[in-house]
$ cat data.txt   # compact mmCIF, C-alpha atoms and all ligand atoms
# COMPACT_ATOMS: atom_id res chain seq x y z
CA MET A 27 -39.99 0.03 -19.53
CA MET A 28 -39.24 -3.54 -18.62
CA ASN A 29 -40.41 -4.47 -15.16
CA ARG A 30 -40.31 -8.21 -15.63
CA PRO A 31 -36.98 -9.89 -14.92
CA LEU A 32 -34.40 -9.91 -17.68
CA GLU A 33 -33.85 -13.61 -18.06
CA PRO A 34 -30.36 -15.11 -18.40
CA GLY A 35 -29.34 -15.02 -22.06
CA GLY A 36 -30.13 -11.30 -22.26
CA THR A 37 -27.39 -8.70 -22.61
CA ILE A 38 -26.25 -6.35 -19.88
CA GLY A 39 -24.67 -3.12 -21.11
CA ILE A 40 -22.00 -1.73 -18.77
CA VAL A 41 -20.85 1.87 -19.07
CA GLY A 42 -17.13 1.99 -18.26
CA GLY A 43 -14.32 -0.45 -18.98
CA GLY A 44 -12.57 -0.70 -15.60
CA GLN A 45 -12.10 -3.45 -13.04
CA LEU A 46 -15.56 -3.01 -11.56
CA GLY A 47 -17.05 -3.80 -14.96
CA ARG A 48 -14.71 -6.76 -15.22
CA MET A 49 -15.93 -8.22 -11.93
CA LEU A 50 -19.55 -7.43 -12.88
CA SER A 51 -19.00 -9.31 -16.15
CA PHE A 52 -17.73 -12.40 -14.34
CA GLU A 53 -20.93 -12.47 -12.28
CA ALA A 54 -23.15 -11.75 -15.29
CA HIS A 55 -21.53 -14.62 -17.19
CA ARG A 56 -21.94 -16.94 -14.23
CA LEU A 57 -25.67 -16.32 -14.48
CA GLY A 58 -25.70 -16.86 -18.24
CA TYR A 59 -25.99 -13.22 -19.38
CA ARG A 60 -24.06 -11.66 -22.20
CA VAL A 61 -22.16 -8.42 -21.61
CA ALA A 62 -21.45 -5.36 -23.75
CA VAL A 63 -19.04 -2.73 -22.43
CA LEU A 64 -18.83 0.92 -23.53
CA THR A 65 -15.31 2.00 -22.63
CA GLY A 66 -15.21 5.74 -23.29
CA GLY A 67 -12.58 5.25 -26.01
CA ALA A 68 -9.91 2.86 -24.74
CA LYS A 69 -9.44 -0.57 -26.34
CA ASP A 70 -8.68 -3.83 -24.61
CA THR A 71 -9.89 -2.53 -21.24
CA PRO A 72 -10.07 -4.65 -18.04
CA GLY A 73 -13.85 -4.90 -18.51
CA GLY A 74 -13.84 -5.13 -22.29
CA ARG A 75 -11.39 -8.02 -22.26
CA VAL A 76 -13.87 -10.25 -20.46
CA ALA A 77 -17.09 -8.90 -22.04
CA ASP A 78 -18.78 -10.42 -25.10
CA VAL A 79 -18.54 -7.10 -26.94
CA GLU A 80 -16.30 -4.12 -26.26
CA VAL A 81 -17.51 -0.85 -27.80
CA ALA A 82 -14.31 1.20 -27.66
CA ALA A 83 -15.81 4.63 -28.26
CA SER A 84 -16.32 7.89 -26.48
CA TYR A 85 -19.45 8.50 -24.39
CA ASP A 86 -20.50 11.34 -26.69
CA ASP A 87 -20.17 9.39 -29.95
CA ASP A 88 -23.84 9.19 -31.05
CA LEU A 89 -23.42 6.24 -33.39
CA ALA A 90 -21.37 4.16 -30.97
CA VAL A 91 -23.66 4.90 -28.03
CA GLN A 92 -26.66 3.90 -30.18
CA GLN A 93 -24.84 0.69 -31.13
CA PHE A 94 -24.22 0.00 -27.42
CA VAL A 95 -27.88 0.70 -26.58
CA ASP A 96 -29.01 -1.61 -29.43
CA LEU A 97 -26.84 -4.40 -28.02
CA SER A 98 -28.19 -3.99 -24.47
CA ASP A 99 -31.38 -5.22 -22.76
CA VAL A 100 -30.53 -3.27 -19.61
CA ILE A 101 -27.81 -0.67 -19.06
CA THR A 102 -25.79 -0.08 -15.90
CA TRP A 103 -22.68 1.85 -14.83
CA GLU A 104 -19.37 0.82 -13.38
CA PHE A 105 -18.10 4.41 -13.59
CA GLU A 106 -20.09 7.54 -12.86
CA ASN A 107 -17.88 10.26 -14.28
CA VAL A 108 -19.64 10.19 -17.63
CA GLU A 109 -21.84 12.74 -19.44
CA VAL A 110 -25.17 11.06 -18.82
CA SER A 111 -27.53 12.93 -21.12
CA LEU A 112 -26.81 11.26 -24.50
CA LEU A 113 -26.84 7.76 -23.04
CA ALA A 114 -30.02 8.37 -21.08
CA GLU A 115 -31.76 9.92 -24.06
CA LEU A 116 -30.85 7.16 -26.53
CA ALA A 117 -31.72 4.44 -24.02
CA ALA A 118 -35.11 6.05 -23.30
CA ARG A 119 -35.84 6.32 -27.03
CA SER A 120 -35.05 2.62 -27.48
CA ASP A 121 -36.96 1.69 -24.31
CA VAL A 122 -33.89 0.12 -22.69
CA PRO A 123 -33.98 0.47 -18.88
CA VAL A 124 -31.04 2.24 -17.24
CA ARG A 125 -30.30 1.09 -13.67
CA PRO A 126 -29.44 2.99 -11.56
CA ALA A 127 -31.26 5.82 -13.37
CA GLY A 128 -29.23 8.56 -15.07
CA SER A 129 -30.56 11.11 -12.54
CA VAL A 130 -28.82 9.21 -9.71
CA ILE A 131 -25.55 9.16 -11.65
CA THR A 132 -25.81 12.90 -12.31
CA ALA A 133 -26.35 13.55 -8.59
CA ALA A 134 -23.40 11.36 -7.59
CA GLN A 135 -20.93 12.97 -10.00
CA ASP A 136 -21.30 16.46 -8.55
CA ARG A 137 -20.33 16.86 -4.91
CA GLY A 138 -22.76 19.75 -4.39
CA ARG A 139 -25.77 17.85 -5.74
CA GLU A 140 -24.63 14.76 -3.86
CA ARG A 141 -24.58 16.70 -0.58
CA ARG A 142 -28.05 18.13 -1.22
CA ALA A 143 -29.43 14.68 -2.04
CA LEU A 144 -27.87 13.29 1.14
CA MET A 145 -29.34 16.06 3.28
CA ALA A 146 -32.75 15.52 1.69
CA ALA A 147 -32.42 11.85 2.69
CA GLY A 148 -31.80 12.96 6.28
CA ALA A 149 -28.11 11.94 6.25
CA PRO A 150 -25.59 13.89 8.37
CA VAL A 151 -22.83 15.51 6.25
CA ALA A 152 -19.83 17.72 7.11
CA ALA A 153 -20.47 21.49 7.11
CA PHE A 154 -19.66 22.72 3.61
CA ARG A 155 -19.81 25.66 1.21
CA GLU A 156 -19.86 25.76 -2.58
CA VAL A 157 -17.42 28.34 -3.97
CA ALA A 158 -16.18 29.56 -7.33
CA THR A 159 -13.61 32.30 -6.61
CA ALA A 160 -10.82 33.11 -4.16
CA THR A 161 -13.14 35.66 -2.49
CA ASP A 162 -15.82 32.99 -1.95
CA LEU A 163 -13.17 30.66 -0.59
CA ASP A 164 -11.96 33.35 1.85
CA ARG A 165 -15.51 33.75 3.08
CA ALA A 166 -16.01 29.98 3.41
CA VAL A 167 -12.80 29.70 5.45
CA ALA A 168 -14.01 32.50 7.73
CA ASP A 169 -17.34 30.66 8.20
CA LEU A 170 -16.03 27.14 8.64
CA GLY A 171 -12.69 27.84 10.38
CA LEU A 172 -9.36 26.28 9.48
CA PRO A 173 -8.32 23.71 8.44
CA VAL A 174 -10.67 22.95 5.56
CA ILE A 175 -10.63 20.47 2.71
CA VAL A 176 -11.23 21.89 -0.75
CA LYS A 177 -12.52 19.43 -3.34
CA ARG A 178 -13.12 19.74 -7.03
CA MET A 179 -16.88 19.59 -7.52
CA ARG A 180 -16.85 17.04 -10.31
CA PHE A 181 -14.78 14.12 -11.49
CA GLY A 182 -12.50 13.76 -8.47
CA TYR A 183 -11.62 10.26 -7.29
CA ASP A 184 -9.08 8.50 -5.11
CA GLY A 185 -8.36 11.81 -3.43
CA ARG A 186 -7.43 13.45 -6.73
CA GLY A 187 -8.61 17.00 -7.07
CA GLN A 188 -8.55 17.86 -3.39
CA VAL A 189 -6.35 19.97 -1.13
CA ARG A 190 -6.21 20.55 2.63
CA LEU A 191 -5.97 24.26 3.37
CA THR A 192 -4.39 25.11 6.70
CA THR A 193 -3.77 28.86 6.36
CA ALA A 194 -5.94 31.76 5.28
CA ASP A 195 -2.90 33.38 3.66
CA GLN A 196 -3.92 35.09 0.38
CA ALA A 197 -1.28 33.25 -1.64
CA ALA A 198 -2.39 29.86 -0.29
CA VAL A 199 -6.08 30.56 -0.99
CA GLY A 200 -5.33 31.86 -4.50
CA GLY A 201 -3.07 28.85 -5.12
CA VAL A 202 -5.83 26.37 -4.23
CA VAL A 203 -8.31 28.04 -6.57
CA GLU A 204 -5.69 28.05 -9.31
CA ALA A 205 -4.78 24.39 -8.76
CA LEU A 206 -8.34 23.05 -8.58
CA GLY A 207 -10.39 25.64 -10.48
CA PRO A 208 -11.71 27.26 -12.51
CA GLU A 209 -14.87 25.23 -11.94
CA ARG A 210 -16.92 25.31 -8.74
CA LEU A 211 -15.31 23.86 -5.63
CA LEU A 212 -16.67 22.31 -2.47
CA VAL A 213 -15.08 23.47 0.79
CA GLU A 214 -15.73 21.50 3.93
CA GLU A 215 -14.70 21.18 7.54
CA VAL A 216 -12.17 18.49 8.44
CA VAL A 217 -14.04 15.74 10.27
CA PRO A 218 -12.00 14.45 13.25
CA PHE A 219 -12.95 10.85 12.55
CA ASP A 220 -11.83 7.75 14.42
CA VAL A 221 -12.37 5.39 11.53
CA GLU A 222 -13.71 5.27 7.98
CA ILE A 223 -16.39 2.77 7.01
CA SER A 224 -18.67 1.97 4.12
CA VAL A 225 -21.92 0.12 3.66
CA VAL A 226 -22.74 -1.50 0.32
CA VAL A 227 -26.47 -1.85 0.02
CA ALA A 228 -28.41 -3.41 -2.85
CA ARG A 229 -31.99 -2.57 -3.81
CA GLY A 230 -34.12 -4.56 -6.24
CA ILE A 231 -36.83 -3.28 -8.59
CA ASP A 232 -39.50 -4.26 -6.05
CA GLY A 233 -37.77 -2.23 -3.30
CA GLU A 234 -36.22 -5.24 -1.54
CA VAL A 235 -32.98 -4.25 0.22
CA ALA A 236 -29.91 -6.34 1.22
CA HIS A 237 -26.49 -5.40 2.61
CA HIS A 238 -23.12 -6.87 3.55
CA GLY A 239 -22.82 -5.26 6.99
CA VAL A 240 -20.18 -2.63 7.72
CA LEU A 241 -16.82 -2.55 5.95
CA GLU A 242 -13.96 -0.81 7.78
CA ASN A 243 -11.54 1.01 5.50
CA VAL A 244 -8.02 2.36 5.82
CA HIS A 245 -6.80 4.81 3.19
CA VAL A 246 -3.13 5.52 2.48
CA ASN A 247 -2.44 8.70 0.52
CA ARG A 248 -6.24 8.97 0.18
CA ILE A 249 -6.40 5.67 -1.76
CA LEU A 250 -8.14 2.69 -0.19
CA ASP A 251 -5.47 0.36 1.16
CA THR A 252 -7.29 -2.22 3.31
CA THR A 253 -10.86 -3.21 4.10
CA VAL A 254 -11.98 -5.58 6.82
CA THR A 255 -15.38 -6.92 7.77
CA PRO A 256 -16.82 -7.14 10.36
CA PRO A 257 -15.28 -3.86 11.52
CA LEU A 258 -12.57 -4.02 14.18
CA SER A 259 -13.19 -0.71 15.89
CA VAL A 260 -16.84 0.27 15.43
CA PRO A 261 -19.27 -0.13 18.35
CA PRO A 262 -22.26 -2.43 17.56
CA ARG A 263 -24.83 0.37 17.90
CA VAL A 264 -22.92 2.41 15.32
CA VAL A 265 -22.85 -0.62 12.99
CA GLY A 266 -26.65 -0.82 13.17
CA ALA A 267 -27.02 2.93 12.63
CA ALA A 268 -24.70 2.86 9.60
CA VAL A 269 -26.72 0.10 7.93
CA GLU A 270 -29.97 1.98 8.65
CA LEU A 271 -28.52 5.16 7.21
CA ALA A 272 -27.38 3.46 3.99
CA THR A 273 -30.79 1.83 3.66
CA ALA A 274 -32.56 5.18 4.10
CA ILE A 275 -30.34 6.75 1.42
CA VAL A 276 -30.82 3.99 -1.16
CA ARG A 277 -34.59 4.19 -0.61
CA HIS A 278 -34.63 7.97 -0.82
CA LEU A 279 -32.73 7.84 -4.12
CA ASP A 280 -35.15 5.16 -5.38
CA LEU A 281 -32.02 3.45 -6.68
CA VAL A 282 -32.07 0.04 -8.34
CA GLY A 283 -28.69 -1.69 -8.13
CA VAL A 284 -25.93 -1.36 -5.59
CA LEU A 285 -25.03 1.80 -3.67
CA CYS A 286 -21.90 2.29 -1.60
CA VAL A 287 -22.16 4.83 1.21
CA GLU A 288 -18.81 5.98 2.61
CA MET A 289 -18.93 7.38 6.14
CA PHE A 290 -16.71 8.74 8.89
CA VAL A 291 -17.23 7.45 12.43
CA ALA A 292 -16.47 9.99 15.18
CA GLY A 293 -17.31 8.56 18.60
CA ASP A 294 -20.93 7.45 18.25
CA SER A 295 -21.66 9.79 15.34
CA LEU A 296 -21.72 9.13 11.64
CA VAL A 297 -20.97 11.62 8.86
CA VAL A 298 -21.57 10.60 5.25
CA ASN A 299 -18.66 11.59 3.01
CA GLU A 300 -19.56 10.16 -0.37
CA ILE A 301 -21.85 7.82 -2.23
CA ALA A 302 -21.09 5.67 -5.28
CA PRO A 303 -24.07 4.25 -7.20
CA ARG A 304 -22.23 1.04 -8.19
CA PRO A 305 -20.12 -1.71 -6.69
CA HIS A 306 -17.20 -0.25 -4.78
CA ASN A 307 -13.57 -1.03 -4.04
CA SER A 308 -14.41 -1.52 -0.35
CA GLY A 309 -16.91 -4.26 -1.29
CA HIS A 310 -14.41 -6.47 -3.16
CA CYS A 311 -14.01 -8.77 -0.16
CA THR A 312 -17.67 -9.78 -0.55
CA ILE A 313 -16.63 -11.98 -3.50
CA GLU A 314 -15.22 -14.50 -1.04
CA ALA A 315 -16.90 -13.38 2.19
CA ALA A 316 -20.55 -13.54 1.12
CA SER A 317 -22.58 -16.13 -0.71
CA THR A 318 -23.78 -13.30 -2.98
CA SER A 319 -21.15 -10.60 -3.55
CA GLN A 320 -21.77 -6.92 -4.30
CA PHE A 321 -21.33 -7.78 -7.99
CA GLY A 322 -23.85 -10.61 -7.78
CA GLN A 323 -26.35 -8.35 -5.99
CA HIS A 324 -25.92 -5.62 -8.59
CA ILE A 325 -26.56 -8.00 -11.49
CA ARG A 326 -29.58 -9.50 -9.71
CA ALA A 327 -31.00 -6.07 -8.88
CA ILE A 328 -30.67 -4.52 -12.34
CA CYS A 329 -32.06 -7.68 -13.99
CA GLY A 330 -35.09 -7.67 -11.69
CA LEU A 331 -34.15 -10.92 -9.93
CA PRO A 332 -34.49 -11.57 -6.18
CA LEU A 333 -31.44 -10.52 -4.15
CA GLY A 334 -29.14 -13.09 -2.56
CA ASP A 335 -27.71 -13.50 0.93
CA GLY A 336 -25.06 -10.80 1.38
CA SER A 337 -24.01 -11.56 4.94
CA CYS A 338 -20.25 -11.91 5.31
CA ARG A 339 -17.84 -14.17 7.16
CA PRO A 340 -14.70 -12.43 8.57
CA ALA A 341 -12.60 -11.15 5.67
CA ALA A 342 -9.86 -8.72 4.71
CA MET A 343 -8.92 -7.12 1.39
CA VAL A 344 -5.60 -5.49 0.64
CA GLN A 345 -5.10 -3.37 -2.44
CA LEU A 346 -2.29 -3.96 -4.95
CA LEU A 347 -1.14 -0.69 -6.50
CA GLY A 348 1.25 -0.10 -9.39
CA ASP A 349 3.84 0.96 -6.82
CA LEU A 350 4.48 -2.74 -6.16
CA TRP A 351 5.95 -3.09 -9.66
CA LYS A 352 8.01 0.08 -9.40
CA ASP A 353 9.60 -1.23 -6.22
CA HIS A 354 11.51 -3.80 -8.22
CA SER A 355 12.29 -2.05 -11.48
CA GLY A 356 9.21 -2.98 -13.45
CA ARG A 357 9.42 -6.75 -13.03
CA GLN A 358 6.21 -8.56 -12.06
CA PRO A 359 5.68 -9.08 -8.34
CA VAL A 360 6.20 -12.68 -7.24
CA TRP A 361 2.61 -13.94 -7.50
CA SER A 362 3.48 -17.50 -6.56
CA GLU A 363 4.92 -16.28 -3.24
CA ALA A 364 1.66 -14.58 -2.30
CA MET A 365 -0.22 -17.73 -3.22
CA SER A 366 1.95 -20.01 -1.08
CA ASP A 367 -0.85 -19.60 1.50
CA PRO A 368 -3.71 -21.65 0.02
CA GLY A 369 -6.27 -19.30 1.58
CA VAL A 370 -5.09 -16.32 -0.49
CA HIS A 371 -7.42 -15.13 -3.24
CA LEU A 372 -5.49 -13.09 -5.80
CA HIS A 373 -7.40 -10.81 -8.18
CA LEU A 374 -5.56 -9.05 -11.01
CA TYR A 375 -7.35 -6.61 -13.27
CA GLY A 376 -5.37 -7.26 -16.46
CA LYS A 377 -4.00 -3.71 -16.74
CA GLU A 378 -0.87 -3.53 -18.81
CA GLU A 379 0.23 0.01 -18.05
CA VAL A 380 1.71 0.18 -14.56
CA ARG A 381 1.61 3.52 -12.74
CA ASN A 382 2.20 4.52 -9.12
CA GLY A 383 -1.16 4.72 -7.36
CA ARG A 384 -2.95 2.74 -10.11
CA LYS A 385 -5.15 -0.06 -8.80
CA MET A 386 -3.78 -3.22 -10.43
CA GLY A 387 -5.44 -5.88 -8.27
CA HIS A 388 -6.25 -6.97 -4.74
CA ILE A 389 -5.90 -9.89 -2.36
CA THR A 390 -8.68 -11.21 -0.14
CA CYS A 391 -8.45 -13.67 2.75
CA THR A 392 -11.26 -15.02 4.88
CA ASP A 393 -10.68 -16.67 8.25
CA THR A 394 -12.28 -17.48 11.58
CA THR A 395 -11.51 -13.97 12.85
CA VAL A 396 -11.04 -10.70 11.04
CA GLU A 397 -7.64 -10.20 12.71
CA ARG A 398 -6.38 -13.48 11.25
CA ALA A 399 -7.80 -12.68 7.83
CA LEU A 400 -6.05 -9.30 7.82
CA GLN A 401 -2.73 -10.75 8.98
CA ARG A 402 -2.80 -13.35 6.19
CA ALA A 403 -3.70 -10.82 3.51
CA LEU A 404 -1.00 -8.37 4.62
CA ALA A 405 1.58 -11.16 4.83
CA ALA A 406 0.69 -12.26 1.29
CA ARG A 407 1.18 -8.72 0.00
CA ARG A 408 4.56 -8.48 1.74
CA ARG A 409 5.68 -11.73 0.08
CA LEU A 410 5.02 -10.16 -3.33
CA ARG A 411 8.02 -7.92 -3.02
CA ARG A 412 10.93 -9.43 -4.89
CA ARG A 413 14.01 -9.81 -2.75
CA SER A 414 16.86 -8.66 -4.97
P1 LIG B 501 -12.94 11.64 -0.98
O1 LIG B 501 -12.30 11.90 -2.31
O2 LIG B 501 -13.98 12.64 -0.60
O3 LIG B 501 -13.41 10.21 -0.86
O4 LIG B 501 -11.78 11.76 0.10
C1 LIG B 501 -10.69 10.86 0.15
C2 LIG B 501 -10.23 10.69 1.57
O5 LIG B 501 -9.82 11.97 2.12
C3 LIG B 501 -11.31 10.19 2.52
O6 LIG B 501 -11.44 8.80 2.45
C4 LIG B 501 -10.75 10.68 3.85
O7 LIG B 501 -9.69 9.86 4.30
C5 LIG B 501 -10.18 12.04 3.50
N1 LIG B 501 -11.21 13.11 3.68
C6 LIG B 501 -12.06 13.56 2.74
N2 LIG B 501 -12.89 14.50 3.24
C7 LIG B 501 -12.58 14.64 4.54
C8 LIG B 501 -13.07 15.46 5.62
N3 LIG B 501 -14.06 16.34 5.43
N4 LIG B 501 -12.48 15.34 6.83
C9 LIG B 501 -11.48 14.46 7.03
N5 LIG B 501 -10.96 13.66 6.06
C10 LIG B 501 -11.49 13.75 4.83
$ encode --input "data.txt" --output "structure tokens" --more "lines below"
Ligand code: AMP
Amino acid sequence: MMNRPLEPGGTIGIVGGGQLGRMLSFEAHRLGYRVAVLTGGAKDTPGGRVADVEVAASYDDDLAVQQFVDLSDVITWEFENVEVSLLAELAARSDVPVRPAGSVITAAQDRGRERRALMAAGAPVAAFREVATATDLDRAVADLGLPVIVKRMRFGYDGRGQVRLTTADQAAVGGVVEALGPERLLVEEVVPFDVEISVVVARGIDGEVAHHGVLENVHVNRILDTTVTPPLSVPPRVVGAAVELATAIVRHLDLVGVLCVEMFVAGDSLVVNEIAPRPHNSGHCTIEAASTSQFGQHIRAICGLPLGDGSCRPAAMVQLLGDLWKDHSGRQPVWSEAMSDPGVHLHLYGKEEVRNGRKMGHITCTDTTVERALQRALAARRRLRRRS
């Protein structure tokens, strides 16, 4: 396996065709790399549209995956809900490094394995049980106490595939298993958190680690709505502890690339909720806030290059969901209005199909204080709404 740096001019293969791959491609191109994207089947994807080659095929199509592997000098992921085995096997046979390794992706795509990996790394997690039937769920509720959150074990994202259970009523318990099953489910206590944060940490092939500090996140309907950095409401000692925790986890996983660790802060305590072995929505503000963004760090790490400076100036990101279009009968939001503030950075992901809850883009502002940055970003989003 390659341990020397992949020099610019080489080709980075990205599994997944979404906006994270798109923003990774921009960075890869900036450094002179070529990019191949494997989309999972869709054509003209946000990532594929800016890559050098888009392989629009399913992740279990042997020929297409081999073609993608043949195009790539190193393979990475912008999406972890993929059957890993074929890709990992073909890449290994062709001696193409996969970073982060397939084993990390497999651990991150199953909430049970993820929890076990986190505990092995010494990270605090919410009390949980793994269940498969209504009887198991009854027992878990008796152990953990109500309310609980029941999550689909695999392939849940943006709060999809999860239900809050507030009664032990037979019909309610059976209904949850019916709605989320039949596969295994993860049941966990509700953490009475004050605030949600994440830490995006990068690790190079030589074990060097860099981070962007703590990102403070607000979710609306379980979808990330705003991120600010530095955090507004996290005590400094908790900030330090969160960065240490993320660093311990990335080292324990022996991960090369970027890892996002999502955590709940309750008083002075931290509870890790989820990890994502790739750039993350909450790290988008690093594009403008840091001299090397999460995307830049990821490309550097997987190519075996030294990491950059990830420290951030005060910044805020606000998400733009498809709902913004629906608000004014399908017409485009008024982009020029948002941009009337010259400090507004508008990012659109090039998605044609508009759906409620679909992430279509985001706005970032930086400023002298995080409060000002957030005010400007929120004001820009408000100006997008057409007055008619
Ligand atoms: P997840 O899909 O695990 O990222 O969950 C989406 C969101 O649901 C989180 O960002 C939290 O706002 C909320 N949530 C998930 N798990 C818990 C929990 N155990 N306690 C409280 N809130 C939770």
$ residues_around --input "data.txt" --residues "A:Ala228" --least-positions-apart "5" --cutoff "10 Å" --atoms "all atoms listed in the file" --output "PyMOL selection string"
chain A and resi 233-238+272-273+276+281-286+303-305+320-328+333-334+336
$ atom_distance --input "data.txt" --atom1 "atom CA of A:Gly58" --atom2 "atom CA of A:Val122"
19.4 Å
$ atom_distance --input "data.txt" --atom1 "atom CA of A:Gly42" --atom2 "atom CA of A:Val226"
19.7 Å
$ axis_aligned_box --input "data.txt" --around "ligand LIG 501 (chain B)" --padding-each-side "6 Å" --output "lines of an AutoDock Vina configuration file"
center_x = -11.9
center_y = 12.6
center_z = 2.4
size_x = 16.4
size_y = 19.5
size_z = 21.3
$ residues_around --input "data.txt" --residues "stretch 187-199 of chain A" --least-positions-apart "5" --cutoff "8 Å" --atoms "only C-alpha atoms" --output "compact mmCIF listing (two decimals) with C-alpha atoms, in the frame of the given file"
# COMPACT_ATOMS: atom_id res chain seq x y z
CA ALA A 160 -10.82 33.11 -4.16
CA LEU A 163 -13.17 30.66 -0.59
CA ASP A 164 -11.96 33.35 1.85
CA VAL A 167 -12.80 29.70 5.45
CA LEU A 172 -9.36 26.28 9.48
CA PRO A 173 -8.32 23.71 8.44
CA VAL A 174 -10.67 22.95 5.56
CA ILE A 175 -10.63 20.47 2.71
CA VAL A 176 -11.23 21.89 -0.75
CA LYS A 177 -12.52 19.43 -3.34
CA ARG A 178 -13.12 19.74 -7.03
CA GLY A 182 -12.50 13.76 -8.47
CA LEU A 206 -8.34 23.05 -8.58
$ atom_distance --input "data.txt" --atom1 "atom CA of A:Glu104" --atom2 "atom CA of A:Gln45"
8.4 Å
$ residues_near_ligand --input "data.txt" --ligand "ligand LIG 501 (chain B)" --cutoff "8 Å" --atoms "only C-alpha atoms and all ligand atoms" --output "MDAnalysis selection string"
chainID A and resid 152 174:175 177 182:188 214:219 222 244:245 248:250 288 290 299:300
$ closest_residue --input "data.txt" --among "A:Arg402, A:His371, A:Arg125, A:Lys352" --to "A:Ala315" --atoms "all atoms listed in the file"
A:His371
$ decode --input "data.txt" --residues "stretch 336-384 of chain A" --atoms "C-alpha atoms" --output "mmCIF file, in the first residue's frame"
data_model
loop_
_atom_site.group_PDB
_atom_site.id
_atom_site.type_symbol
_atom_site.label_atom_id
_atom_site.label_comp_id
_atom_site.auth_asym_id
_atom_site.auth_seq_id
_atom_site.Cartn_x
_atom_site.Cartn_y
_atom_site.Cartn_z
ATOM 1 C CA GLY A 336 -7.532 24.491 10.985
ATOM 2 C CA SER A 337 -8.034 27.178 13.611
ATOM 3 C CA CYS A 338 -11.150 29.257 12.996
ATOM 4 C CA ARG A 339 -12.134 32.903 13.207
ATOM 5 C CA PRO A 340 -15.701 33.581 14.491
ATOM 6 C CA ALA A 341 -18.195 32.169 11.990
ATOM 7 C CA ALA A 342 -21.785 31.054 11.539
ATOM 8 C CA MET A 343 -23.418 28.701 9.039
ATOM 9 C CA VAL A 344 -27.128 28.540 8.323
ATOM 10 C CA GLN A 345 -28.631 25.707 6.342
ATOM 11 C CA LEU A 346 -30.829 26.235 3.273
ATOM 12 C CA LEU A 347 -33.446 23.501 2.977
ATOM 13 C CA GLY A 348 -35.847 22.761 0.142
ATOM 14 C CA ASP A 349 -38.603 24.248 2.299
ATOM 15 C CA LEU A 350 -37.357 27.692 1.245
ATOM 16 C CA TRP A 351 -38.507 27.002 -2.314
ATOM 17 C CA LYS A 352 -41.845 25.566 -1.239
ATOM 18 C CA ASP A 353 -42.565 28.735 0.712
ATOM 19 C CA HIS A 354 -43.003 30.642 -2.513
ATOM 20 C CA SER A 355 -44.572 28.133 -4.865
ATOM 21 C CA GLY A 356 -41.458 26.596 -6.337
ATOM 22 C CA ARG A 357 -39.803 29.802 -7.535
ATOM 23 C CA GLN A 358 -36.108 30.246 -6.734
ATOM 24 C CA PRO A 359 -35.348 32.123 -3.521
ATOM 25 C CA VAL A 360 -34.037 35.639 -4.122
ATOM 26 C CA TRP A 361 -30.297 34.927 -4.098
ATOM 27 C CA SER A 362 -29.310 38.502 -4.892
ATOM 28 C CA GLU A 363 -31.124 39.705 -1.761
ATOM 29 C CA ALA A 364 -29.088 37.393 0.465
ATOM 30 C CA MET A 365 -25.925 38.597 -1.226
ATOM 31 C CA SER A 366 -26.688 42.287 -0.715
ATOM 32 C CA ASP A 367 -24.410 41.936 2.342
ATOM 33 C CA PRO A 368 -20.930 41.586 0.800
ATOM 34 C CA GLY A 369 -19.819 39.366 3.689
ATOM 35 C CA VAL A 370 -22.324 36.630 2.813
ATOM 36 C CA HIS A 371 -20.898 33.422 1.347
ATOM 37 C CA LEU A 372 -23.602 31.518 -0.509
ATOM 38 C CA HIS A 373 -23.071 27.825 -1.293
ATOM 39 C CA LEU A 374 -25.572 25.965 -3.477
ATOM 40 C CA TYR A 375 -25.217 22.260 -4.108
ATOM 41 C CA GLY A 376 -26.676 22.161 -7.631
ATOM 42 C CA LYS A 377 -29.601 19.886 -6.735
ATOM 43 C CA GLU A 378 -32.452 20.161 -9.168
ATOM 44 C CA GLU A 379 -35.121 18.260 -7.288
ATOM 45 C CA VAL A 380 -36.453 20.372 -4.439
ATOM 46 C CA ARG A 381 -37.970 18.580 -1.435
ATOM 47 C CA ASN A 382 -38.921 19.724 2.054
ATOM 48 C CA GLY A 383 -36.063 18.905 4.417
ATOM 49 C CA ARG A 384 -33.572 18.401 1.557
#
